[in-house]
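Asks: Below is the file final-v3.cif, with mmCIF, C-alpha atoms, pLDDT in the B column; chains and numbers go by the auth columns.
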```
data_query
#
loop_
_atom_site.group_PDB
_atom_site.id
_atom_site.type_symbol
_atom_site.label_atom_id
_atom_site.label_comp_id
_atom_site.label_asym_id
_atom_site.label_seq_id
_atom_site.Cartn_x
_atom_site.Cartn_y
_atom_site.Cartn_z
_atom_site.B_iso_or_equiv
_atom_site.auth_seq_id
_atom_site.auth_asym_id
ATOM 1 C CA MET A 1 15.167 -19.612 3.212 69.00 1 A
ATOM 2 C CA ARG A 2 17.942 -18.131 1.073 75.00 2 A
ATOM 3 C CA GLU A 3 15.974 -18.801 -2.118 79.00 3 A
ATOM 4 C CA GLN A 4 13.180 -16.630 -0.663 87.00 4 A
ATOM 5 C CA VAL A 5 15.311 -13.470 -0.816 92.00 5 A
ATOM 6 C CA PRO A 6 14.596 -12.549 -4.477 95.00 6 A
ATOM 7 C CA VAL A 7 10.892 -13.336 -4.016 97.00 7 A
ATOM 8 C CA VAL A 8 10.632 -11.125 -0.915 98.00 8 A
ATOM 9 C CA GLY A 9 12.536 -8.409 -2.797 98.00 9 A
ATOM 10 C CA VAL A 10 10.191 -8.351 -5.789 98.00 10 A
ATOM 11 C CA VAL A 11 7.130 -8.530 -3.485 98.00 11 A
ATOM 12 C CA ALA A 12 8.454 -5.407 -1.721 98.00 12 A
ATOM 13 C CA ALA A 13 9.189 -3.624 -5.024 98.00 13 A
ATOM 14 C CA GLY A 14 5.767 -4.498 -6.446 98.00 14 A
ATOM 15 C CA GLY A 15 4.100 -3.503 -3.176 98.00 15 A
ATOM 16 C CA VAL A 16 5.782 -0.080 -3.262 98.00 16 A
ATOM 17 C CA LEU A 17 4.593 0.483 -6.845 98.00 17 A
ATOM 18 C CA GLY A 18 1.065 -0.698 -6.052 98.00 18 A
ATOM 19 C CA ALA A 19 0.690 1.361 -2.885 98.00 19 A
ATOM 20 C CA SER A 20 2.130 4.416 -4.672 98.00 20 A
ATOM 21 C CA ALA A 21 -0.396 3.995 -7.492 98.00 21 A
ATOM 22 C CA ARG A 22 -3.214 3.719 -4.933 98.00 22 A
ATOM 23 C CA TYR A 23 -1.956 6.824 -3.107 98.00 23 A
ATOM 24 C CA ALA A 24 -1.723 8.705 -6.423 98.00 24 A
ATOM 25 C CA ALA A 25 -5.299 7.693 -7.268 98.00 25 A
ATOM 26 C CA THR A 26 -6.574 9.050 -3.932 97.00 26 A
ATOM 27 C CA LEU A 27 -4.731 12.348 -4.576 97.00 27 A
ATOM 28 C CA LEU A 28 -6.056 12.624 -8.133 98.00 28 A
ATOM 29 C CA TRP A 29 -9.627 11.662 -7.240 98.00 29 A
ATOM 30 C CA PRO A 30 -10.142 12.483 -3.565 97.00 30 A
ATOM 31 C CA THR A 31 -13.465 11.517 -2.003 96.00 31 A
ATOM 32 C CA ALA A 32 -14.855 13.649 0.806 92.00 32 A
ATOM 33 C CA PRO A 33 -15.151 12.012 4.245 85.00 33 A
ATOM 34 C CA GLY A 34 -18.605 10.549 4.819 87.00 34 A
ATOM 35 C CA THR A 35 -19.268 10.056 1.078 93.00 35 A
ATOM 36 C CA PHE A 36 -19.058 6.872 -0.963 96.00 36 A
ATOM 37 C CA PRO A 37 -15.335 6.035 -1.404 98.00 37 A
ATOM 38 C CA TRP A 38 -15.414 5.628 -5.195 98.00 38 A
ATOM 39 C CA THR A 39 -11.650 5.851 -5.627 98.00 39 A
ATOM 40 C CA VAL A 40 -10.748 2.957 -3.313 98.00 40 A
ATOM 41 C CA PHE A 41 -13.774 1.056 -4.668 98.00 41 A
ATOM 42 C CA THR A 42 -12.411 1.412 -8.218 98.00 42 A
ATOM 43 C CA VAL A 43 -8.824 0.667 -7.153 98.00 43 A
ATOM 44 C CA ASN A 44 -9.924 -2.573 -5.468 98.00 44 A
ATOM 45 C CA ALA A 45 -12.023 -3.665 -8.457 98.00 45 A
ATOM 46 C CA ALA A 46 -9.223 -2.924 -10.940 98.00 46 A
ATOM 47 C CA GLY A 47 -6.638 -4.730 -8.815 98.00 47 A
ATOM 48 C CA CYS A 48 -8.875 -7.807 -8.600 98.00 48 A
ATOM 49 C CA ALA A 49 -9.344 -7.934 -12.383 98.00 49 A
ATOM 50 C CA LEU A 50 -5.586 -7.606 -12.914 98.00 50 A
ATOM 51 C CA LEU A 51 -4.782 -10.336 -10.377 98.00 51 A
ATOM 52 C CA GLY A 52 -7.248 -12.731 -12.040 98.00 52 A
ATOM 53 C CA LEU A 53 -5.701 -12.113 -15.445 97.00 53 A
ATOM 54 C CA LEU A 54 -2.171 -12.438 -14.159 97.00 54 A
ATOM 55 C CA THR A 55 -2.726 -15.598 -12.141 96.00 55 A
ATOM 56 C CA VAL A 56 -4.054 -17.397 -15.235 96.00 56 A
ATOM 57 C CA LEU A 57 -0.944 -16.320 -17.127 95.00 57 A
ATOM 58 C CA ALA A 58 1.294 -17.584 -14.325 95.00 58 A
ATOM 59 C CA THR A 59 -0.463 -20.871 -13.512 93.00 59 A
ATOM 60 C CA GLU A 60 -2.512 -22.031 -16.515 93.00 60 A
ATOM 61 C CA ALA A 61 -0.857 -20.655 -19.652 91.00 61 A
ATOM 62 C CA PRO A 62 1.149 -23.186 -21.691 90.00 62 A
ATOM 63 C CA ALA A 63 4.260 -20.987 -21.747 87.00 63 A
ATOM 64 C CA ALA A 64 5.077 -20.187 -18.119 85.00 64 A
ATOM 65 C CA PRO A 65 6.283 -16.598 -17.600 91.00 65 A
ATOM 66 C CA HIS A 66 9.300 -15.681 -15.474 95.00 66 A
ATOM 67 C CA PRO A 67 8.881 -17.224 -11.990 93.00 67 A
ATOM 68 C CA LEU A 68 9.217 -13.805 -10.349 96.00 68 A
ATOM 69 C CA LEU A 69 6.407 -12.247 -12.430 96.00 69 A
ATOM 70 C CA ARG A 70 3.609 -13.505 -10.167 96.00 70 A
ATOM 71 C CA PRO A 71 5.222 -12.430 -6.855 97.00 71 A
ATOM 72 C CA PHE A 72 6.130 -9.047 -8.382 98.00 72 A
ATOM 73 C CA LEU A 73 2.848 -8.133 -10.095 98.00 73 A
ATOM 74 C CA GLY A 74 0.397 -10.346 -8.181 98.00 74 A
ATOM 75 C CA THR A 75 1.484 -10.549 -4.549 98.00 75 A
ATOM 76 C CA GLY A 76 3.414 -7.286 -4.760 98.00 76 A
ATOM 77 C CA PHE A 77 1.682 -4.833 -7.087 98.00 77 A
ATOM 78 C CA CYS A 78 -1.952 -6.031 -6.897 98.00 78 A
ATOM 79 C CA GLY A 79 -1.601 -6.735 -3.179 98.00 79 A
ATOM 80 C CA GLY A 80 -0.153 -3.291 -2.482 98.00 80 A
ATOM 81 C CA PHE A 81 -2.588 -1.563 -4.849 98.00 81 A
ATOM 82 C CA THR A 82 -5.715 -3.081 -3.328 98.00 82 A
ATOM 83 C CA THR A 83 -6.480 -2.664 0.351 98.00 83 A
ATOM 84 C CA PHE A 84 -8.778 -4.339 2.827 98.00 84 A
ATOM 85 C CA SER A 85 -7.975 -2.144 5.824 98.00 85 A
ATOM 86 C CA THR A 86 -9.037 1.158 4.184 98.00 86 A
ATOM 87 C CA TYR A 87 -12.179 -0.574 2.924 98.00 87 A
ATOM 88 C CA ALA A 88 -13.032 -1.694 6.472 98.00 88 A
ATOM 89 C CA LEU A 89 -12.243 1.732 7.955 97.00 89 A
ATOM 90 C CA ASP A 90 -14.248 3.635 5.314 97.00 90 A
ATOM 91 C CA THR A 91 -17.216 1.324 5.914 97.00 91 A
ATOM 92 C CA ARG A 92 -16.977 1.998 9.639 96.00 92 A
ATOM 93 C CA ARG A 93 -16.758 5.750 8.926 95.00 93 A
ATOM 94 C CA LEU A 94 -19.903 5.663 6.777 96.00 94 A
ATOM 95 C CA PHE A 95 -21.729 3.948 9.645 94.00 95 A
ATOM 96 C CA GLY A 96 -20.296 6.541 12.034 92.00 96 A
ATOM 97 C CA ALA A 97 -21.313 9.430 9.760 92.00 97 A
ATOM 98 C CA GLY A 98 -24.935 8.320 9.986 91.00 98 A
ATOM 99 C CA SER A 99 -25.054 6.818 6.491 92.00 99 A
ATOM 100 C CA PRO A 100 -25.878 3.159 7.214 95.00 100 A
ATOM 101 C CA VAL A 101 -27.386 2.607 3.760 96.00 101 A
ATOM 102 C CA GLU A 102 -24.238 3.818 2.006 96.00 102 A
ATOM 103 C CA ALA A 103 -22.114 1.800 4.448 97.00 103 A
ATOM 104 C CA VAL A 104 -23.949 -1.422 3.602 97.00 104 A
ATOM 105 C CA LEU A 105 -23.875 -0.567 -0.128 98.00 105 A
ATOM 106 C CA TYR A 106 -20.125 0.016 0.061 98.00 106 A
ATOM 107 C CA LEU A 107 -19.497 -3.128 2.119 98.00 107 A
ATOM 108 C CA GLY A 108 -21.539 -5.412 -0.140 98.00 108 A
ATOM 109 C CA GLY A 109 -20.981 -3.532 -3.394 98.00 109 A
ATOM 110 C CA THR A 110 -17.199 -3.816 -3.114 98.00 110 A
ATOM 111 C CA LEU A 111 -17.419 -7.562 -2.406 98.00 111 A
ATOM 112 C CA VAL A 112 -19.738 -8.258 -5.353 98.00 112 A
ATOM 113 C CA THR A 113 -17.776 -6.022 -7.734 98.00 113 A
ATOM 114 C CA ALA A 114 -14.415 -7.463 -6.633 98.00 114 A
ATOM 115 C CA LEU A 115 -15.606 -11.043 -7.118 98.00 115 A
ATOM 116 C CA ALA A 116 -17.061 -10.151 -10.528 98.00 116 A
ATOM 117 C CA ALA A 117 -13.806 -8.400 -11.486 98.00 117 A
ATOM 118 C CA VAL A 118 -11.557 -11.304 -10.484 98.00 118 A
ATOM 119 C CA THR A 119 -13.886 -13.738 -12.297 98.00 119 A
ATOM 120 C CA ALA A 120 -13.792 -11.549 -15.417 98.00 120 A
ATOM 121 C CA GLY A 121 -9.997 -11.318 -15.181 98.00 121 A
ATOM 122 C CA VAL A 122 -9.650 -15.099 -14.947 97.00 122 A
ATOM 123 C CA ALA A 123 -12.078 -15.584 -17.868 97.00 123 A
ATOM 124 C CA ALA A 124 -10.216 -13.033 -20.000 97.00 124 A
ATOM 125 C CA GLY A 125 -6.892 -14.698 -19.180 96.00 125 A
ATOM 126 C CA ARG A 126 -8.201 -18.124 -20.152 95.00 126 A
ATOM 127 C CA ALA A 127 -9.599 -16.761 -23.420 95.00 127 A
ATOM 128 C CA LEU A 128 -6.257 -15.117 -24.181 94.00 128 A
ATOM 129 C CA TRP A 129 -3.722 -17.732 -23.119 91.00 129 A
ATOM 130 C CA VAL A 130 -5.303 -21.090 -22.429 89.00 130 A
ATOM 131 C CA ARG A 131 -6.178 -23.198 -25.425 74.00 131 A
ATOM 132 C CA ARG A 132 -9.176 -25.394 -24.884 68.00 132 A
ATOM 133 C CA GLU A 133 -8.924 -28.949 -26.155 60.00 133 A
ATOM 134 C CA PRO A 134 -11.954 -29.840 -28.289 57.00 134 A
ATOM 135 C CA VAL A 135 -14.278 -32.050 -26.257 52.00 135 A
ATOM 136 C CA MET B 1 8.233 13.440 1.037 86.00 1 B
ATOM 137 C CA ASN B 2 4.651 12.199 1.511 95.00 2 B
ATOM 138 C CA TRP B 3 5.063 9.700 -1.261 96.00 3 B
ATOM 139 C CA LEU B 4 8.294 8.440 0.293 98.00 4 B
ATOM 140 C CA LEU B 5 6.461 7.679 3.540 98.00 5 B
ATOM 141 C CA VAL B 6 3.821 5.654 1.688 98.00 6 B
ATOM 142 C CA ALA B 7 6.519 3.810 -0.277 98.00 7 B
ATOM 143 C CA LEU B 8 8.518 3.043 2.856 98.00 8 B
ATOM 144 C CA GLY B 9 5.458 1.666 4.651 98.00 9 B
ATOM 145 C CA ALA B 10 4.544 -0.473 1.645 98.00 10 B
ATOM 146 C CA ALA B 11 8.115 -1.800 1.363 98.00 11 B
ATOM 147 C CA VAL B 12 7.561 -3.347 4.801 98.00 12 B
ATOM 148 C CA GLY B 13 3.832 -4.142 4.526 98.00 13 B
ATOM 149 C CA ALA B 14 3.857 -6.174 1.292 98.00 14 B
ATOM 150 C CA PRO B 15 6.696 -8.568 2.271 98.00 15 B
ATOM 151 C CA LEU B 16 5.176 -8.858 5.752 98.00 16 B
ATOM 152 C CA ARG B 17 1.933 -10.035 4.118 98.00 17 B
ATOM 153 C CA TYR B 18 3.806 -12.533 1.961 98.00 18 B
ATOM 154 C CA LEU B 19 5.835 -13.958 4.866 97.00 19 B
ATOM 155 C CA THR B 20 2.867 -14.058 7.260 97.00 20 B
ATOM 156 C CA ASP B 21 0.763 -15.832 4.648 97.00 21 B
ATOM 157 C CA ARG B 22 3.496 -18.435 4.089 95.00 22 B
ATOM 158 C CA ALA B 23 4.005 -18.991 7.810 95.00 23 B
ATOM 159 C CA VAL B 24 0.261 -19.334 8.516 95.00 24 B
ATOM 160 C CA GLN B 25 -0.410 -21.603 5.529 93.00 25 B
ATOM 161 C CA ALA B 26 2.590 -23.795 6.405 93.00 26 B
ATOM 162 C CA ARG B 27 1.245 -24.252 9.914 91.00 27 B
ATOM 163 C CA HIS B 28 -2.292 -25.086 8.834 83.00 28 B
ATOM 164 C CA GLY B 29 -1.746 -26.729 5.472 77.00 29 B
ATOM 165 C CA SER B 30 -5.453 -26.403 4.686 83.00 30 B
ATOM 166 C CA ALA B 31 -7.060 -25.055 1.536 86.00 31 B
ATOM 167 C CA PHE B 32 -8.786 -22.341 3.550 94.00 32 B
ATOM 168 C CA PRO B 33 -6.897 -19.041 3.108 97.00 33 B
ATOM 169 C CA TRP B 34 -6.180 -18.363 6.772 96.00 34 B
ATOM 170 C CA GLY B 35 -3.044 -16.359 5.929 97.00 35 B
ATOM 171 C CA THR B 36 -4.894 -13.632 4.007 98.00 36 B
ATOM 172 C CA LEU B 37 -7.603 -13.536 6.668 98.00 37 B
ATOM 173 C CA VAL B 38 -4.962 -12.999 9.372 98.00 38 B
ATOM 174 C CA VAL B 39 -3.230 -10.093 7.587 98.00 39 B
ATOM 175 C CA ASN B 40 -6.534 -8.452 6.628 98.00 40 B
ATOM 176 C CA VAL B 41 -7.901 -8.599 10.166 98.00 41 B
ATOM 177 C CA ALA B 42 -4.613 -7.521 11.786 98.00 42 B
ATOM 178 C CA GLY B 43 -4.188 -4.657 9.290 98.00 43 B
ATOM 179 C CA SER B 44 -7.778 -3.494 9.788 98.00 44 B
ATOM 180 C CA PHE B 45 -7.326 -3.427 13.567 98.00 45 B
ATOM 181 C CA ALA B 46 -4.033 -1.519 13.229 98.00 46 B
ATOM 182 C CA LEU B 47 -5.541 1.043 10.843 98.00 47 B
ATOM 183 C CA GLY B 48 -8.497 1.625 13.149 97.00 48 B
ATOM 184 C CA LEU B 49 -6.132 2.149 16.058 96.00 49 B
ATOM 185 C CA LEU B 50 -3.884 4.506 14.052 96.00 50 B
ATOM 186 C CA THR B 51 -6.796 6.655 12.939 93.00 51 B
ATOM 187 C CA GLY B 52 -7.330 7.744 16.489 83.00 52 B
ATOM 188 C CA VAL B 53 -3.733 8.282 17.580 89.00 53 B
ATOM 189 C CA ALA B 54 -1.396 8.912 14.622 86.00 54 B
ATOM 190 C CA SER B 55 -0.386 12.257 13.100 89.00 55 B
ATOM 191 C CA GLY B 56 -0.693 13.008 9.375 92.00 56 B
ATOM 192 C CA ARG B 57 2.782 11.751 8.509 95.00 57 B
ATOM 193 C CA ALA B 58 2.484 8.636 10.637 96.00 58 B
ATOM 194 C CA GLN B 59 -0.848 7.993 8.902 96.00 59 B
ATOM 195 C CA LEU B 60 0.850 7.980 5.503 97.00 60 B
ATOM 196 C CA LEU B 61 3.712 5.731 6.649 98.00 61 B
ATOM 197 C CA LEU B 62 1.755 3.278 8.809 98.00 62 B
ATOM 198 C CA GLY B 63 -1.801 3.657 7.465 98.00 63 B
ATOM 199 C CA THR B 64 -1.699 4.244 3.695 98.00 64 B
ATOM 200 C CA GLY B 65 1.666 2.511 3.261 98.00 65 B
ATOM 201 C CA LEU B 66 2.041 -0.267 5.826 98.00 66 B
ATOM 202 C CA CYS B 67 -1.588 -1.267 6.554 98.00 67 B
ATOM 203 C CA GLY B 68 -2.602 -0.586 2.945 98.00 68 B
ATOM 204 C CA ALA B 69 0.039 -2.950 1.559 98.00 69 B
ATOM 205 C CA LEU B 70 -0.237 -5.477 4.407 98.00 70 B
ATOM 206 C CA THR B 71 -3.927 -5.991 3.642 98.00 71 B
ATOM 207 C CA THR B 72 -5.243 -7.016 0.253 98.00 72 B
ATOM 208 C CA TYR B 73 -8.563 -7.193 -1.512 98.00 73 B
ATOM 209 C CA SER B 74 -7.278 -8.829 -4.701 98.00 74 B
ATOM 210 C CA THR B 75 -5.832 -11.971 -3.082 98.00 75 B
ATOM 211 C CA PHE B 76 -8.904 -12.233 -0.849 98.00 76 B
ATOM 212 C CA SER B 77 -11.176 -12.144 -3.938 98.00 77 B
ATOM 213 C CA TYR B 78 -9.023 -14.533 -5.926 98.00 78 B
ATOM 214 C CA GLU B 79 -8.863 -17.065 -3.097 98.00 79 B
ATOM 215 C CA THR B 80 -12.642 -16.852 -2.637 98.00 80 B
ATOM 216 C CA LEU B 81 -13.130 -17.547 -6.346 98.00 81 B
ATOM 217 C CA ARG B 82 -10.640 -20.426 -6.203 97.00 82 B
ATOM 218 C CA LEU B 83 -12.501 -22.052 -3.308 97.00 83 B
ATOM 219 C CA TYR B 84 -15.751 -21.700 -5.249 97.00 84 B
ATOM 220 C CA GLU B 85 -14.287 -23.045 -8.513 95.00 85 B
ATOM 221 C CA GLY B 86 -12.718 -25.950 -6.627 95.00 86 B
ATOM 222 C CA GLY B 87 -16.133 -27.035 -5.355 95.00 87 B
ATOM 223 C CA ALA B 88 -15.713 -25.731 -1.799 96.00 88 B
ATOM 224 C CA LYS B 89 -18.654 -23.359 -2.167 96.00 89 B
ATOM 225 C CA GLY B 90 -19.425 -23.354 1.537 97.00 90 B
ATOM 226 C CA HIS B 91 -15.846 -22.372 2.321 97.00 91 B
ATOM 227 C CA ALA B 92 -15.987 -19.632 -0.331 98.00 92 B
ATOM 228 C CA VAL B 93 -19.070 -18.104 1.300 98.00 93 B
ATOM 229 C CA LEU B 94 -17.514 -18.561 4.740 98.00 94 B
ATOM 230 C CA ASN B 95 -14.293 -16.837 3.642 98.00 95 B
ATOM 231 C CA ALA B 96 -16.176 -13.883 2.119 98.00 96 B
ATOM 232 C CA ALA B 97 -18.622 -13.404 4.993 98.00 97 B
ATOM 233 C CA GLY B 98 -16.033 -14.176 7.666 98.00 98 B
ATOM 234 C CA SER B 99 -13.445 -11.753 6.241 98.00 99 B
ATOM 235 C CA LEU B 100 -15.985 -8.928 6.045 98.00 100 B
ATOM 236 C CA ALA B 101 -17.316 -9.562 9.541 98.00 101 B
ATOM 237 C CA ALA B 102 -13.871 -10.027 11.126 98.00 102 B
ATOM 238 C CA GLY B 103 -12.316 -7.064 9.246 98.00 103 B
ATOM 239 C CA LEU B 104 -15.155 -4.758 10.189 98.00 104 B
ATOM 240 C CA GLY B 105 -15.085 -6.004 13.791 98.00 105 B
ATOM 241 C CA ALA B 106 -11.331 -5.478 13.946 98.00 106 B
ATOM 242 C CA VAL B 107 -11.459 -1.904 12.612 98.00 107 B
ATOM 243 C CA TRP B 108 -14.275 -1.140 15.053 97.00 108 B
ATOM 244 C CA LEU B 109 -12.239 -2.529 17.943 97.00 109 B
ATOM 245 C CA GLY B 110 -9.203 -0.513 16.823 97.00 110 B
ATOM 246 C CA THR B 111 -11.115 2.768 16.681 96.00 111 B
ATOM 247 C CA ALA B 112 -12.772 1.978 20.033 95.00 112 B
ATOM 248 C CA VAL B 113 -9.397 1.311 21.697 95.00 113 B
ATOM 249 C CA ALA B 114 -8.140 4.592 20.213 93.00 114 B
ATOM 250 C CA GLY B 115 -11.119 6.318 21.826 89.00 115 B
ATOM 251 C CA LEU B 116 -12.923 7.387 18.659 82.00 116 B
ATOM 252 C CA PRO B 117 -16.679 7.904 19.015 74.00 117 B
#
```
Using structure tokens, write down the structure from this file.

Replies:
Amino acid sequence: MREQVPVVGVVAAGGVLGASARYAATLLWPTAPGTFPWTVFTVNAAGCALLGLLTVLATEAPAAPHPLLRPFLGTGFCGGFTTFSTYALDTRRLFGAGSPVEAVLYLGGTLVTALAAVTAGVAAGRALWVRREPV
Amino acid sequence: MNWLLVALGAAVGAPLRYLTDRAVQARHGSAFPWGTLVVNVAGSFALGLLTGVASGRAQLLLGTGLCGALTTYSTFSYETLRLYEGGAKGHAVLNAAGSLAAGLGAVWLGTAVAGLP
């Protein structure tokens, strides 16, 4: 348990930075209630791409980075930056505001974009750091 | 001041996600990402509940900070991709559809309990 202390510490630090960046994004680019939440949509997509990239660096690259890099930037920063709860609440609000089409578009559009972003991040990471053996 | 509230909430939410995920995965020991599902559903319920009852400052501390950092879209997406890449395509679809359905259900329940229309 004692060896978990630094990991929990960097997860907290990364989470604070990630959540602060998300909060800053919503202040810089506010979206009106009842409209498509583009800011959180973009934040979630960007965080997914970054996590994909980073996880390849931490788990597949030949030269392993510092062991605290993944908990700090992945679990901490990306986890704190992206949010599932706001996504769920905004979807519910769009339904409540009488915009079922936008609600479904937001619900499904975020999922598809997030999966595409994490896939692109992983692919970019492999192209950058993982050497392929000739077949 | 507002930023400090968000930061404080996140300083609790992110480690809580990490520790919950470890505890849940240790108990189940399966490849299915139950830990992330648990934090996402719990955080969605809590945020729905808060929306109806919390003041502006409590919203920043507990909503934007705590629930925002407790829940995650990036790990959810990465774990879905990993299931798919690992050949567990059915589990990948189940994780994606199940998380969306359970998260949405949880936020709905939270807002209903809080008495929102």

Asks: Considering only C-alpha atoms, can you say which of B:Leu47, B:Tyr78, B:Leu70, B:Leu83 comes closest to Val56 in chain A?

Replies: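 Using only C-alpha atoms, the shortest distance to Val56 in chain A belongs to B:Tyr78.
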
Asks: Can you list what the PyMOL selection byres ((chain A) within 6 of (chain B)) grabs from this structure, as a list in words?

Replies: Val8, Val11, Ala12, Gly15, Val16, Gly47, Cys48, Gly79, Gly80, Thr82, Thr83, Phe84, Ser85, Ala88, Leu89 and Leu115 of chain A

Asks: Could you write those residues out with C-alpha atoms, as an mmCIF file, in the coordinates of the input?

Replies:
```cif
data_model
loop_
_atom_site.group_PDB
_atom_site.id
_atom_site.type_symbol
_atom_site.label_atom_id
_atom_site.label_comp_id
_atom_site.auth_asym_id
_atom_site.auth_seq_id
_atom_site.Cartn_x
_atom_site.Cartn_y
_atom_site.Cartn_z
ATOM 1 C CA VAL A 8 10.632 -11.125 -0.915
ATOM 2 C CA VAL A 11 7.130 -8.530 -3.485
ATOM 3 C CA ALA A 12 8.454 -5.407 -1.721
ATOM 4 C CA GLY A 15 4.100 -3.503 -3.176
ATOM 5 C CA VAL A 16 5.782 -0.080 -3.262
ATOM 6 C CA GLY A 47 -6.638 -4.730 -8.815
ATOM 7 C CA CYS A 48 -8.875 -7.807 -8.600
ATOM 8 C CA GLY A 79 -1.601 -6.735 -3.179
ATOM 9 C CA GLY A 80 -0.153 -3.291 -2.482
ATOM 10 C CA THR A 82 -5.715 -3.081 -3.328
ATOM 11 C CA THR A 83 -6.480 -2.664 0.351
ATOM 12 C CA PHE A 84 -8.778 -4.339 2.827
ATOM 13 C CA SER A 85 -7.975 -2.144 5.824
ATOM 14 C CA ALA A 88 -13.032 -1.694 6.472
ATOM 15 C CA LEU A 89 -12.243 1.732 7.955
ATOM 16 C CA LEU A 115 -15.606 -11.043 -7.118
#
```

Asks: Please compute the CA of Gly14 in chain A-CA of Val93 in chain B distance, one decimal, in Å.

Replies: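 Distance between the two atoms: 29.4 Å.
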
Asks: Expanded to explicit residues, what is the PyMOL selection byres ((chain B and resi 53) around 10) for this file, as a list in words?

Replies: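 So the PyMOL selection byres ((chain B and resi 53) around 10) ends up selecting Gly48, Leu49, Leu50, Thr51, Gly52, Ala54, Ser55, Gly56, Ala58, Gln59, Thr111, Val113, Ala114, Gly115 and Leu116 of chain B.
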
Asks: Could you state which residues are captured by the PyMOL selection byres ((chain A and resi 120) around 12) in this file, as a CSV table (one decimal) with C-alpha atoms, keeping the file's coordinate frame?

Replies:
```csv
chain,number,residue,atom,x,y,z
A,45,ALA,CA,-12.0,-3.7,-8.5
A,46,ALA,CA,-9.2,-2.9,-10.9
A,47,GLY,CA,-6.6,-4.7,-8.8
A,48,CYS,CA,-8.9,-7.8,-8.6
A,49,ALA,CA,-9.3,-7.9,-12.4
A,50,LEU,CA,-5.6,-7.6,-12.9
A,51,LEU,CA,-4.8,-10.3,-10.4
A,52,GLY,CA,-7.2,-12.7,-12.0
A,53,LEU,CA,-5.7,-12.1,-15.4
A,54,LEU,CA,-2.2,-12.4,-14.2
A,56,VAL,CA,-4.1,-17.4,-15.2
A,113,THR,CA,-17.8,-6.0,-7.7
A,114,ALA,CA,-14.4,-7.5,-6.6
A,115,LEU,CA,-15.6,-11.0,-7.1
A,116,ALA,CA,-17.1,-10.2,-10.5
A,117,ALA,CA,-13.8,-8.4,-11.5
A,118,VAL,CA,-11.6,-11.3,-10.5
A,119,THR,CA,-13.9,-13.7,-12.3
A,121,GLY,CA,-10.0,-11.3,-15.2
A,122,VAL,CA,-9.6,-15.1,-14.9
A,123,ALA,CA,-12.1,-15.6,-17.9
A,124,ALA,CA,-10.2,-13.0,-20.0
A,125,GLY,CA,-6.9,-14.7,-19.2
A,126,ARG,CA,-8.2,-18.1,-20.2
A,127,ALA,CA,-9.6,-16.8,-23.4
B,77,SER,CA,-11.2,-12.1,-3.9
B,78,TYR,CA,-9.0,-14.5,-5.9
B,81,LEU,CA,-13.1,-17.5,-6.3
```

Asks: Quick one: what's the axis-aligned box for range 94-113 of chain B, all listed atoms, 8 Å on every side, centre and edges in Å to one decimal, as lines of an AutoDock Vina configuration file?

Replies:
```
center_x = -13.9
center_y = -7.9
center_z = 11.9
size_x = 25.4
size_y = 37.3
size_z = 35.6
```

Asks: Here is a test: counting only C-alpha atoms, which residue of A:Leu68, A:Val130, A:Val104, A:Cys78 is nearest to Pro6 in chain A?

Replies: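 Of A:Leu68, A:Val130, A:Val104, A:Cys78, the one nearest Pro6 in chain A is A:Leu68, counting only C-alpha atoms.
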
Asks: Smallest atom-to-atom distance to Arg93 in chain A: which of A:Thr42, A:Gln4, A:Thr35, A:Thr26, using all atoms listed in the file?

Replies: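 Among A:Thr42, A:Gln4, A:Thr35, A:Thr26, it is A:Thr35 that comes nearest to Arg93 in chain A.
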
Asks: Between CA of Thr31 in chain A and CA of Thr110 in chain A, measure the distance and give it in Å to one decimal.

Replies: 15.8 Å

Asks: How many Å lie between CA of Leu17 in chain A and CA of Gly76 in chain A, rounded to one decimal?

Replies: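 If I compute the distance from CA of Leu17 in chain A to CA of Gly76 in chain A, I get 8.1 Å.
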
Asks: Please identify all polymer residues within 7 Å of Arg22 in chain A, counting all atoms listed in the file, omitting same-chain residues fewer than 4 positions from it, and present them as a list of chain:residue names.

Replies: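 The residues that qualify are A:Gly18, A:Thr26, A:Val43, A:Phe81.
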
Asks: Just write the chosen residues, C-alpha atoms, as a tab-separated table (two decimals), keeping the file's coordinate frame.

Replies:
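Final file, again.tsv:
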```
chain	number	residue	atom	x	y	z
A	18	GLY	CA	1.06	-0.70	-6.05
A	26	THR	CA	-6.57	9.05	-3.93
A	43	VAL	CA	-8.82	0.67	-7.15
A	81	PHE	CA	-2.59	-1.56	-4.85
```

Asks: Which one is closest to Val7 in chain A: A:Thr75, A:Thr59, A:Val101, A:Ala32? Count all atoms listed in the file.

Replies: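 Comparing A:Thr75, A:Thr59, A:Val101, A:Ala32 against Val7 in chain A, the winner is A:Thr75.
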
Asks: Considering all atoms listed in the file, can you say which of B:Gln25, B:Leu61, B:Gly98, B:Lys89 comes closest to Tyr23 in chain A?

Replies: B:Leu61

Asks: Any chance you could model N, CA and C atoms for range 7-11 of chain A and send them as a short mmCIF file (atom, residue, chain, number, x, y, z; two decimals), in the frame of the given file?

Replies:
```
data_model
loop_
_atom_site.label_atom_id
_atom_site.label_comp_id
_atom_site.auth_asym_id
_atom_site.auth_seq_id
_atom_site.Cartn_x
_atom_site.Cartn_y
_atom_site.Cartn_z
N VAL A 7 12.36 -13.41 -4.03
CA VAL A 7 10.89 -13.34 -4.02
C VAL A 7 10.44 -12.21 -3.08
N VAL A 8 10.99 -12.18 -1.87
CA VAL A 8 10.63 -11.12 -0.92
C VAL A 8 11.00 -9.75 -1.49
N GLY A 9 12.10 -9.67 -2.18
CA GLY A 9 12.54 -8.41 -2.80
C GLY A 9 11.56 -7.91 -3.85
N VAL A 10 11.12 -8.81 -4.74
CA VAL A 10 10.19 -8.35 -5.79
C VAL A 10 8.79 -8.10 -5.22
N VAL A 11 8.42 -8.82 -4.15
CA VAL A 11 7.13 -8.53 -3.48
C VAL A 11 7.17 -7.11 -2.91
#
```
